[in-house]
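*Asks:* I am sharing my_file.tsv, which consists of TSV, C-alpha atoms:
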chain	number	residue	atom	x	y	z
A	141	MET	CA	-20.34	-26.08	14.58
A	142	ASN	CA	-19.32	-29.10	12.53
A	143	SER	CA	-21.71	-27.97	9.81
A	144	ILE	CA	-20.01	-24.55	9.67
A	145	MET	CA	-16.57	-26.18	9.60
A	146	GLU	CA	-17.64	-28.34	6.68
A	147	LYS	CA	-18.89	-25.27	4.81
A	148	LEU	CA	-15.61	-23.52	5.45
A	149	ARG	CA	-13.69	-26.48	4.01
A	150	VAL	CA	-15.96	-26.44	0.96
A	151	TYR	CA	-15.18	-22.80	0.25
A	152	LEU	CA	-11.47	-23.41	0.67
A	153	ASN	CA	-11.69	-26.29	-1.80
A	154	ARG	CA	-13.60	-24.13	-4.28
A	155	LEU	CA	-10.87	-21.50	-4.17
A	156	GLU	CA	-8.14	-24.11	-4.52
A	157	SER	CA	-9.90	-25.45	-7.61
A	158	ASN	CA	-9.66	-21.94	-9.16
A	159	GLU	CA	-13.38	-21.21	-9.12
A	160	LYS	CA	-14.03	-17.52	-9.82
A	161	LEU	CA	-13.51	-15.49	-6.65
A	162	GLU	CA	-16.60	-13.31	-7.14
A	163	ILE	CA	-18.85	-16.39	-7.28
A	164	VAL	CA	-17.27	-17.96	-4.19
A	165	ARG	CA	-17.52	-14.64	-2.36
A	166	ALA	CA	-21.23	-14.23	-3.10
A	167	ASP	CA	-22.02	-17.69	-1.64
A	168	PHE	CA	-19.62	-17.20	1.27
A	169	VAL	CA	-21.42	-14.00	2.29
A	170	LYS	CA	-24.74	-15.82	2.59
A	171	ASP	CA	-23.35	-18.57	4.82
A	172	PHE	CA	-21.06	-16.51	7.06
A	173	ILE	CA	-22.74	-13.12	7.41
A	174	ASN	CA	-24.06	-14.00	10.87
A	175	ILE	CA	-20.74	-15.37	12.15
A	176	SER	CA	-18.72	-12.81	14.13
A	177	HIS	CA	-15.12	-12.29	13.10
A	178	LYS	CA	-13.93	-13.69	16.45
A	179	GLU	CA	-15.93	-16.86	15.81
A	180	PHE	CA	-14.48	-17.03	12.30
A	181	LEU	CA	-10.92	-16.75	13.63
A	182	ASP	CA	-11.66	-19.53	16.12
A	183	LEU	CA	-12.85	-21.68	13.22
A	184	ILE	CA	-9.73	-21.28	11.12
A	185	LYS	CA	-7.54	-22.17	14.12
A	186	LYS	CA	-9.09	-25.64	14.00
A	187	LEU	CA	-8.15	-26.23	10.37
A	188	PRO	CA	-5.25	-28.57	9.53
A	189	LYS	CA	-1.81	-26.95	9.33
A	190	ASP	CA	-1.46	-27.92	5.67
A	191	THR	CA	-4.53	-25.86	4.66
A	192	ASP	CA	-3.82	-23.78	1.55
A	193	GLU	CA	-2.52	-20.49	2.94
A	194	GLU	CA	-3.57	-18.29	0.03
A	195	SER	CA	-7.16	-19.56	0.03
A	196	LEU	CA	-7.37	-19.11	3.79
A	197	LYS	CA	-6.05	-15.55	3.51
A	198	THR	CA	-8.66	-14.77	0.88
A	199	LEU	CA	-11.61	-15.94	3.00
A	200	SER	CA	-10.21	-14.28	6.12
A	201	ASP	CA	-9.72	-11.04	4.22
A	202	ILE	CA	-13.31	-11.07	2.94
A	203	HIS	CA	-14.72	-11.80	6.38
A	204	SER	CA	-12.56	-9.28	8.22
A	205	SER	CA	-13.38	-6.49	5.81
A	206	LEU	CA	-17.09	-6.98	5.28
A	207	PHE	CA	-18.39	-8.56	8.45
A	208	GLU	CA	-16.30	-7.26	11.31
A	209	ASP	CA	-18.95	-4.57	11.85
A	210	ALA	CA	-22.16	-5.92	10.39
A	211	SER	CA	-24.16	-2.97	11.76
A	212	ASN	CA	-22.58	-0.72	9.14
A	213	GLY	CA	-24.30	-2.70	6.44
A	214	VAL	CA	-22.72	-4.20	3.36
A	215	ILE	CA	-25.32	-2.64	1.09
A	216	GLU	CA	-24.60	0.84	2.44
A	217	LYS	CA	-20.86	0.40	1.85
A	218	GLU	CA	-21.47	-0.71	-1.73
A	219	LYS	CA	-23.76	2.25	-2.37
A	220	ILE	CA	-21.21	4.80	-1.14
A	221	LYS	CA	-18.43	3.08	-3.08
A	222	ASN	CA	-20.40	3.11	-6.32
A	223	GLU	CA	-21.18	6.82	-5.91
A	224	LEU	CA	-17.49	7.67	-5.50
A	225	LEU	CA	-16.50	5.47	-8.44
A	226	GLU	CA	-18.66	7.68	-10.68
A	227	ILE	CA	-16.82	10.89	-9.72
A	228	LYS	CA	-14.26	11.62	-12.43
A	229	GLY	CA	-10.91	12.50	-10.90
A	230	HIS	CA	-11.73	10.97	-7.52
A	231	PRO	CA	-8.92	8.67	-6.28
A	232	LEU	CA	-11.26	5.69	-6.16
A	233	ASN	CA	-12.28	6.31	-9.76
A	234	PHE	CA	-8.62	6.44	-10.81
A	235	TYR	CA	-7.67	3.28	-8.89
A	236	SER	CA	-10.57	1.41	-10.49
A	237	ARG	CA	-9.64	2.52	-14.02
A	238	GLU	CA	-6.05	1.52	-13.27
A	239	ASN	CA	-7.34	-1.94	-12.32
A	240	LYS	CA	-9.13	-2.18	-15.68
A	241	ALA	CA	-5.81	-1.50	-17.43
A	242	ILE	CA	-4.16	-4.20	-15.32
A	243	ILE	CA	-6.88	-6.73	-16.20
A	244	LYS	CA	-6.54	-5.85	-19.89
A	245	LEU	CA	-2.82	-6.55	-19.72
A	246	ILE	CA	-3.09	-9.90	-17.95
A	247	ASP	CA	-5.94	-10.94	-20.27
A	248	SER	CA	-3.60	-10.35	-23.18
A	249	ILE	CA	-0.83	-12.44	-21.64
A	250	GLU	CA	-3.21	-15.25	-20.63
A	251	ASN	CA	-4.71	-15.36	-24.14
A	252	ALA	CA	-1.23	-15.71	-25.60
A	253	LEU	CA	-0.51	-18.58	-23.22
A	254	LYS	CA	-3.80	-20.24	-24.09
A	255	ASN	CA	-3.10	-20.02	-27.82
A	256	ASN	CA	0.52	-21.17	-27.43
A	257	GLU	CA	1.76	-17.84	-28.75
A	258	GLN	CA	5.09	-16.31	-27.82
A	259	ILE	CA	4.83	-14.02	-24.81
A	260	LYS	CA	5.86	-10.45	-25.57
A	261	ALA	CA	8.73	-9.33	-23.35
A	262	ASN	CA	7.20	-5.83	-23.17
A	263	ASP	CA	3.96	-7.25	-21.77
A	264	ILE	CA	5.88	-8.83	-18.90
A	265	LYS	CA	7.87	-5.63	-18.33
A	266	ASN	CA	4.60	-3.68	-18.28
A	267	LEU	CA	3.63	-5.59	-15.15
A	268	LYS	CA	5.80	-2.97	-13.43
A	269	GLY	CA	2.68	-0.81	-13.46
A	270	VAL	CA	1.08	-3.26	-11.04
A	271	SER	CA	3.96	-2.68	-8.62
A	272	ILE	CA	3.45	1.09	-8.83
A	273	HIS	CA	-0.28	0.62	-8.18
A	274	TYR	CA	0.54	-1.47	-5.09
A	275	ALA	CA	3.10	1.07	-3.87
A	276	SER	CA	0.44	3.77	-3.95
A	277	LYS	CA	-1.95	1.61	-1.93
A	278	GLY	CA	0.79	0.77	0.55
A	279	ASP	CA	1.58	4.42	1.17
A	280	LEU	CA	-1.86	6.03	1.00
A	281	ILE	CA	-4.49	3.41	1.87
A	282	TYR	CA	-3.38	0.58	4.15
A	283	PRO	CA	-1.72	2.66	6.90
A	284	HIS	CA	-4.62	5.14	7.02
A	285	LEU	CA	-7.21	2.39	7.38
A	286	SER	CA	-5.15	0.79	10.13
A	287	VAL	CA	-4.10	3.86	12.13
A	288	LYS	CA	-7.12	6.15	11.75
A	289	TYR	CA	-9.91	3.58	11.66
A	290	GLY	CA	-8.44	0.50	13.33
A	291	ILE	CA	-9.13	-1.68	10.28
A	292	ILE	CA	-6.01	-3.82	10.30
A	293	GLY	CA	-7.10	-6.73	8.08
A	294	PRO	CA	-6.00	-5.15	4.77
A	295	SER	CA	-2.65	-4.04	6.24
A	296	ASN	CA	-1.88	-7.46	7.67
A	297	ILE	CA	-3.06	-9.51	4.70
A	298	MET	CA	-3.38	-7.49	1.49
A	299	TRP	CA	-0.19	-5.50	2.02
A	300	THR	CA	1.86	-8.64	2.55
A	301	THR	CA	0.26	-10.24	-0.51
A	302	ASP	CA	1.04	-7.12	-2.56
A	303	ASP	CA	4.69	-7.33	-1.57
A	304	ASN	CA	4.84	-11.00	-2.51
A	305	ILE	CA	3.33	-10.25	-5.92
A	306	ARG	CA	5.74	-7.35	-6.48
A	307	ASP	CA	8.63	-9.70	-5.74
A	308	LYS	CA	7.27	-12.20	-8.29
A	309	ILE	CA	6.89	-9.43	-10.88
A	310	ASN	CA	10.54	-8.44	-10.45
A	311	ARG	CA	11.57	-12.06	-10.85
A	312	ALA	CA	9.38	-12.45	-13.95
A	313	ILE	CA	10.93	-9.38	-15.57
A	314	LYS	CA	14.45	-10.70	-14.91
A	315	LYS	CA	13.50	-14.15	-16.21
A	316	VAL	CA	11.94	-12.88	-19.44
A	317	GLU	CA	15.08	-10.81	-20.14
A	318	SER	CA	17.17	-13.99	-19.95
A	319	ASN	CA	14.57	-16.16	-21.75
A	320	LYS	CA	14.08	-18.27	-18.62
A	321	LEU	CA	10.47	-17.39	-17.78
A	322	ASN	CA	8.60	-20.50	-16.62
A	323	GLU	CA	5.02	-20.79	-17.87
A	324	GLU	CA	3.66	-22.20	-14.61
A	325	PHE	CA	5.32	-19.42	-12.63
A	326	LEU	CA	3.77	-16.83	-14.96
A	327	LYS	CA	0.29	-18.38	-14.73
A	328	GLU	CA	0.46	-18.33	-10.93
A	329	LEU	CA	1.58	-14.69	-10.95
A	330	LEU	CA	-1.26	-13.63	-13.24
A	331	LYS	CA	-3.74	-15.50	-11.06
A	332	ASP	CA	-2.46	-13.65	-7.96
A	333	ILE	CA	-2.77	-10.26	-9.67
A	334	ARG	CA	-6.30	-11.01	-10.86
A	335	GLN	CA	-7.36	-12.08	-7.37
A	336	MET	CA	-5.97	-8.88	-5.88
A	337	VAL	CA	-7.98	-6.79	-8.35
A	338	VAL	CA	-11.14	-8.54	-7.18
A	339	ARG	CA	-10.19	-8.01	-3.52
A	340	GLU	CA	-9.63	-4.33	-4.10
A	341	GLU	CA	-12.87	-3.79	-5.99
A	342	ASP	CA	-15.04	-5.87	-3.67
A	343	ILE	CA	-13.38	-5.29	-0.29
A	344	LEU	CA	-10.78	-2.56	-0.04
A	345	PHE	CA	-12.64	0.09	-2.02
A	346	SER	CA	-15.82	-0.48	-0.01
A	347	LEU	CA	-13.93	-0.05	3.26
A	348	CYS	CA	-12.28	3.15	2.10
A	349	ALA	CA	-15.49	4.60	0.67
A	350	PHE	CA	-17.41	3.96	3.88
A	351	ASN	CA	-14.76	5.39	6.23
A	352	PHE	CA	-12.65	8.06	4.54
A	353	THR	CA	-13.80	11.68	4.76
A	354	LYS	CA	-13.93	14.01	1.78
A	355	GLU	CA	-10.92	15.87	3.20
A	356	GLU	CA	-8.95	12.62	3.46
A	357	TRP	CA	-9.78	11.74	-0.14
A	358	ALA	CA	-8.56	15.22	-1.14
A	359	GLN	CA	-5.22	14.58	0.54
A	360	ILE	CA	-4.97	11.22	-1.21
A	361	TYR	CA	-5.79	12.98	-4.50
A	362	ILE	CA	-2.89	15.38	-3.93
A	363	ASP	CA	-0.45	12.65	-2.84
A	364	MET	CA	-1.35	10.38	-5.78
A	365	LYS	CA	0.18	12.94	-8.16
A	366	GLU	CA	3.61	11.81	-6.90
A	367	TYR	CA	3.18	8.33	-8.39
A	368	GLU	CA	3.89	7.47	-12.01
A	369	ASN	CA	0.79	7.04	-14.16
A	370	PHE	CA	2.34	3.95	-15.75
A	371	TYR	CA	-0.63	2.90	-17.88
A	372	GLN	CA	-1.34	6.47	-19.03
A	373	ILE	CA	-4.80	6.51	-17.46
A	374	GLU	CA	-6.64	9.71	-18.36
A	375	GLU	CA	-6.29	12.06	-15.39
A	376	TYR	CA	-9.47	14.00	-14.73
A	377	ARG	CA	-9.50	17.12	-12.57
A	378	TRP	CA	-11.35	16.79	-9.26
A	379	GLU	CA	-12.19	20.36	-8.27
A	380	TYR	CA	-12.52	19.66	-4.55
A	381	GLY	CA	-9.11	18.01	-4.47
A	382	GLU	CA	-7.53	20.79	-6.53
A	383	ASN	CA	-8.87	23.49	-4.22
A	384	PHE	CA	-7.97	21.66	-1.02
A	385	SER	CA	-4.76	22.84	0.63
A	386	GLU	CA	-3.25	23.10	4.08
A	387	SER	CA	0.20	24.09	5.24
A	388	ASP	CA	1.39	24.13	8.80
A	389	LEU	CA	4.33	26.28	7.76
A	390	GLU	CA	2.01	29.07	6.67
A	391	LYS	CA	0.66	29.21	10.24
A	392	ILE	CA	4.08	29.99	11.73
A	393	ASP	CA	4.42	33.65	12.64
A	394	GLY	CA	7.63	35.59	13.07
A	395	GLU	CA	11.23	34.45	12.99
A	396	ILE	CA	12.60	31.07	14.03
A	397	VAL	CA	15.58	31.80	16.26
A	398	LEU	CA	18.39	29.28	16.81
A	399	PRO	CA	21.86	29.60	18.33
A	400	GLY	CA	23.37	29.97	14.87
A	401	GLY	CA	21.00	32.67	13.66
A	402	SER	CA	17.40	33.06	12.52
A	403	PHE	CA	15.17	32.78	9.47
A	404	THR	CA	11.51	32.98	8.52
A	405	ALA	CA	9.34	29.94	7.94
A	406	GLU	CA	9.52	30.65	4.20
A	407	GLU	CA	13.32	30.66	4.32
A	408	LEU	CA	13.46	27.48	6.38
A	409	ARG	CA	11.15	25.75	3.93
A	410	ALA	CA	13.37	26.78	1.01
A	411	ILE	CA	16.51	25.59	2.80
A	412	LEU	CA	15.10	22.17	3.62
A	413	ASN	CA	13.73	21.72	0.12
A	414	THR	CA	17.03	22.76	-1.50
A	415	ILE	CA	19.18	20.27	0.40
A	416	PRO	CA	19.86	17.50	-2.19
A	417	MET	CA	18.44	14.78	0.00
A	418	GLU	CA	15.10	13.36	0.99
A	419	ILE	CA	14.66	14.30	4.65
A	420	THR	CA	12.37	12.58	7.13
A	421	PHE	CA	12.05	13.41	10.82
A	422	VAL	CA	10.47	10.94	13.29
A	423	ASP	CA	10.05	12.24	16.85
A	424	ARG	CA	10.92	10.52	20.14
A	425	ASN	CA	7.44	8.91	20.22
A	426	ASP	CA	7.98	7.30	16.79
A	427	ILE	CA	5.60	9.73	15.07
A	428	ASN	CA	6.30	11.08	11.58
A	429	LYS	CA	6.69	14.83	12.03
A	430	PHE	CA	8.26	16.14	8.83
A	431	PHE	CA	9.17	15.37	5.21
A	432	ASN	CA	10.84	17.90	2.94
A	433	GLU	CA	9.14	18.58	-0.38
A	434	GLY	CA	10.08	17.76	-3.95
A	435	PRO	CA	10.54	14.64	-6.14
A	436	LYS	CA	11.44	11.53	-4.17
A	437	ASP	CA	12.69	8.02	-4.87
A	438	PHE	CA	10.81	6.89	-1.76
A	439	LYS	CA	7.35	8.46	-1.68
A	440	ARG	CA	6.34	10.37	1.46
A	441	PRO	CA	2.57	11.03	1.44
A	442	LYS	CA	1.51	14.02	3.52
A	443	MET	CA	-1.18	11.83	5.10
A	444	ALA	CA	1.61	9.99	6.95
A	445	ILE	CA	2.37	13.10	9.05
A	446	GLY	CA	1.20	12.48	12.61
A	447	ARG	CA	1.16	8.73	12.04
A	448	ASN	CA	3.27	6.09	13.79
A	449	VAL	CA	6.33	5.48	11.60
A	450	TYR	CA	6.00	1.69	11.79
A	451	SER	CA	2.55	1.80	10.21
A	452	CYS	CA	4.13	3.20	7.04
A	453	HIS	CA	6.26	0.11	6.46
A	454	PRO	CA	5.14	-3.26	5.12
A	455	PRO	CA	5.42	-6.02	7.74
A	456	ILE	CA	8.65	-7.36	6.25
A	457	VAL	CA	10.43	-3.99	6.73
A	458	GLU	CA	8.85	-3.00	10.04
A	459	LYS	CA	11.14	-5.30	12.04
A	460	MET	CA	14.26	-3.65	10.66
A	461	ALA	CA	12.91	-0.14	11.34
A	462	ARG	CA	12.12	-1.04	14.95
A	463	LYS	CA	15.63	-2.43	15.48
A	464	ILE	CA	17.28	0.75	14.17
A	465	ILE	CA	15.18	3.09	16.30
A	466	ASP	CA	15.47	0.88	19.40
A	467	ASP	CA	19.27	0.96	19.05
A	468	PHE	CA	19.15	4.76	18.84
A	469	LYS	CA	16.93	5.04	21.91
A	470	ASN	CA	19.17	2.72	23.91
A	471	ASN	CA	22.38	4.51	22.87
A	472	VAL	CA	23.64	1.40	21.07
A	473	LYS	CA	24.14	3.31	17.82
A	474	ASP	CA	23.94	6.85	16.49
A	475	GLU	CA	23.95	6.10	12.79
A	476	VAL	CA	23.03	3.37	10.31
A	477	LYS	CA	23.90	3.53	6.59
A	478	ILE	CA	22.51	1.33	3.83
A	479	LYS	CA	23.56	1.38	0.17
A	480	MET	CA	21.08	0.09	-2.39
A	481	ASN	CA	20.17	0.22	-6.06
A	482	LYS	CA	16.89	2.02	-6.73
A	483	ASP	CA	15.61	1.91	-10.32
A	484	GLY	CA	19.16	1.68	-11.67
A	485	ALA	CA	20.61	4.41	-9.46
A	486	ASN	CA	22.94	3.96	-6.50
A	487	VAL	CA	21.29	5.37	-3.40
A	488	LEU	CA	22.56	5.89	0.14
A	489	VAL	CA	19.93	5.70	2.89
A	490	SER	CA	21.22	6.82	6.27
A	491	TYR	CA	19.50	6.96	9.66
A	492	HIS	CA	20.71	9.30	12.37
A	493	ALA	CA	19.82	9.54	16.06
A	494	LEU	CA	18.92	13.13	17.01
A	495	ARG	CA	19.97	14.09	20.54
A	496	ASN	CA	19.89	17.32	22.53
A	497	GLU	CA	22.94	18.86	24.19
A	498	ASN	CA	22.47	16.50	27.14
A	499	GLY	CA	22.50	13.46	24.90
A	500	GLU	CA	18.79	12.78	25.31
A	501	TYR	CA	17.11	11.12	22.34
A	502	LEU	CA	14.83	13.48	20.41
A	503	GLY	CA	14.02	11.36	17.38
A	504	THR	CA	15.37	9.87	14.17
A	505	MET	CA	16.31	11.55	10.91
A	506	GLU	CA	16.36	9.60	7.66
A	507	LEU	CA	18.32	10.91	4.70
A	508	VAL	CA	18.12	9.52	1.17
A	509	GLN	CA	20.78	10.60	-1.31
A	510	ASN	CA	21.61	9.62	-4.89
A	511	ILE	CA	25.34	8.87	-4.90
A	512	ASP	CA	25.83	8.57	-8.66
A	513	PHE	CA	27.90	11.75	-9.00
A	514	GLU	CA	29.34	12.91	-12.29
A	515	GLU	CA	33.06	13.67	-12.29
Would you mind writing the file out in structure tokens?

*Replies:*
Amino acid sequence: MNSIMEKLRVYLNRLESNEKLEIVRADFVKDFINISHKEFLDLIKKLPKDTDEESLKTLSDIHSSLFEDASNGVIEKEKIKNELLEIKGHPLNFYSRENKAIIKLIDSIENALKNNEQIKANDIKNLKGVSIHYASKGDLIYPHLSVKYGIIGPSNIMWTTDDNIRDKINRAIKKVESNKLNEEFLKELLKDIRQMVVREEDILFSLCAFNFTKEEWAQIYIDMKEYENFYQIEEYRWEYGENFSESDLEKIDGEIVLPGGSFTAEELRAILNTIPMEITFVDRNDINKFFNEGPKDFKRPKMAIGRNVYSCHPPIVEKMARKIIDDFKNNVKDEVKIKMNKDGANVLVSYHALRNENGEYLGTMELVQNIDFEE
């Protein structure tokens, strides 16, 4: 065991010394492929408390993703991933090409730093595309891996890392606008982004390729259209994704009758989509049941329907969501309102407890409304 612990410390030191992640990963695989993930977790518990957190997360992420189920075979995962990467228009193909654009951007910034050239403000502002890329992963990939397949490593580690990087990007953009961007801060940010690209390509994409069905990829393909193509990546048509469609509303027969009147499913759909708000309904069991259609400030992928609402939030937001819903269930509150600025617009996000005529809790409705009205 001491020998394994020493090897683990060596790999941590190699990462801390900024050795290329792909080289460290290749050696790490050879030494730890026969160690179960439970054994690996027991090992890291014995490390000193001052162990570099980022390096530890990286090794844990690699091990969790590739060796938790060794019977699946790393080679098989890589084979399936590579096949999907070659399909033009496939979500994995698009994500990978988006990563290439991200690497090209950070290479440009790093070269300018290396040659003591002035950093272009637009290059820093273009890091916003990284945030959009991460938002797409956070909505479409992490929750599905966690909820459908029980693969929680990426959600617990990568998602949190993504959010930290997005926060740093926002700070970098503000700093460059005021000419206060620190070079060391920028170098650390670029290093974090580069490491995440490697993690996606080597770990996350393999997991998705091995587990997701063709139908699930088709739904991701459809949902990805809602996200800005910031780096203007060429969008190829994937015929299977284009031809895939499902609508629960189309399966509803007859009229929907309520105390106030009735309407067809088509009429109800039009009404809900015309209301100038983003509408979300979460049932009494905390399951996402409905999102209205149309452009949204806060993306609502169709794949989230039927999924636990907490799985759709990054760890930092999940605690707040649980508090709001718990207060509704316990009759502490019936409404919570939050004002915020979203991409320069003033937005009101309100949460409402839904109750039947006897006051019993039925679920939660979330409404998002732009409150920048013209006089």

*Asks:* Give me, please, the distance in Å between atom CA of A:Glu395 and atom CA of A:Asn413, quoted to one decimal.

*Replies:*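 Pair atom CA of A:Glu395 / atom CA of A:Asn413 returns 18.3 Å.
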
*Asks:* Tell me which of A:Asn486, A:Arg311, A:His453, A:Asp423 sits closest to A:Leu502, counting only C-alpha atoms.

*Replies:*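 Nearest to A:Leu502: A:Asp423.
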
*Asks:* Can you pull out the residues contacting stretch 428-439 of chain A? Cut-off 7 Å, using only C-alpha atoms, and skip same-chain residues under 5 positions away; I want them as a PyMOL selection string.

*Replies:* chain A and resi 412-413+418-423+444-449

*Asks:* Mind checking which residues fall within 12 Å of A:Glu194, counting only C-alpha atoms, ignoring those fewer than 5 positions away in the same chain, and posting them as number ranges by chain?

*Replies:* A: 152-153, 155-156, 158, 199-201, 297-298, 300-301, 304, 328, 331-332, 335-336

*Asks:* Using only C-alpha atoms, what residues lie at most 8 Å away from (-0.7, -3.8, -8.5) (file coordinates), given as a list in words?

*Replies:* Asn239, Ile242, Gly269, Val270, Ser271, Ile272, His273, Tyr274, Ala275, Asp302, Arg306, Ile333, Met336 and Val337 of chain A

*Asks:* Compile the contact shell of stretch 307-310 of chain A as a ChimeraX atom specification: residues with an atom at most 8 Å away, counting only C-alpha atoms, same-chain residues fewer than 2 positions apart removed.

*Replies:* /A:267-268,271,303-305,312-314,329

*Asks:* Need to verify the contact set: A:Ile184, 9 Å, only C-alpha atoms, exclusion of same-chain residues closer than 6 positions in sequence. Can you return it as a list in words?

*Replies:* Met145, Leu148, Leu196 and Ser200 of chain A

*Asks:* How many Å separate atom CA of A:Ala166 from atom CA of A:Asp342?

*Replies:*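 So the two atoms, atom CA of A:Ala166 and atom CA of A:Asp342, lie 10.4 Å apart.
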
*Asks:* Interatomic distance between atom CA of A:Ser276 and atom CA of A:Arg440?

*Replies:*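 These atoms are spaced 10.4 Å apart.
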
*Asks:* With distances taken over only C-alpha atoms, which of A:Ile281, A:Leu507, A:Ile246, A:Val457 is nearest to A:Leu347?

*Replies:* A:Ile281

*Asks:* Point out the residue among A:Leu253, A:Arg149, A:Asn510, A:Ile427 with the least atom-to-atom distance to A:Thr191, counting all atoms listed in the file.

*Replies:*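 Nearest to A:Thr191: A:Arg149.
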
*Asks:* Counting only C-alpha atoms, which residue out of A:Asp279, A:Glu250, A:Gln359, A:Leu285 sits closest to A:Leu326?

*Replies:*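 Ranking A:Asp279, A:Glu250, A:Gln359, A:Leu285 by distance to A:Leu326, first place goes to A:Glu250.
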
*Asks:* When distances are computed from all atoms listed in the file, which of A:Lys365, A:His284, A:Lys320, A:Lys240 shows the smallest separation from A:Ser451?

*Replies:* A:His284

*Asks:* Restricting the calculation to all atoms listed in the file, which member of A:Tyr282, A:Ile343, A:His230, A:Glu218 is positioned closest to A:Thr198?

*Replies:*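 Of all the options, A:Ile343 lies closest to A:Thr198.
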
*Asks:* Taking (0.1, 0.4, -22.5) in the coordinates of the supplied file, I want to know which residues reach to within 10 Å of it, counting all atoms listed in the file; could you give the answer as an NGL selection string?

*Replies:* :A and (241-242 or 244-245 or 262-263 or 266 or 269 or 370-373)

*Asks:* Residues at most 12 Å from A:Phe352, counting only C-alpha atoms, excluding those fewer than 6 positions away in the same chain, as a list of chain:residue names?

*Replies:*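 So, after excluding close chain neighbours, the residues are A:Lys217, A:Ile220, A:Lys221, A:Leu224, A:Pro231, A:Leu232, A:Leu280, A:Ile281, A:Tyr282, A:His284, A:Leu285, A:Ser286, A:Lys288, A:Tyr289, A:Ile291, A:Leu344, A:Phe345, A:Ser346, A:Ala358, A:Gln359, A:Ile360.
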
*Asks:* Would you give the centre and edge lengths, in Å to one decimal, of a box along x, y and z around the listed atoms of stretch 163-172 of chain A, with 8 Å added to each side, as AutoDock Vina command-line options?

*Replies:*
--center_x -21.0 --center_y -16.3 --center_z -0.1 --size_x 23.5 --size_y 20.6 --size_z 30.3
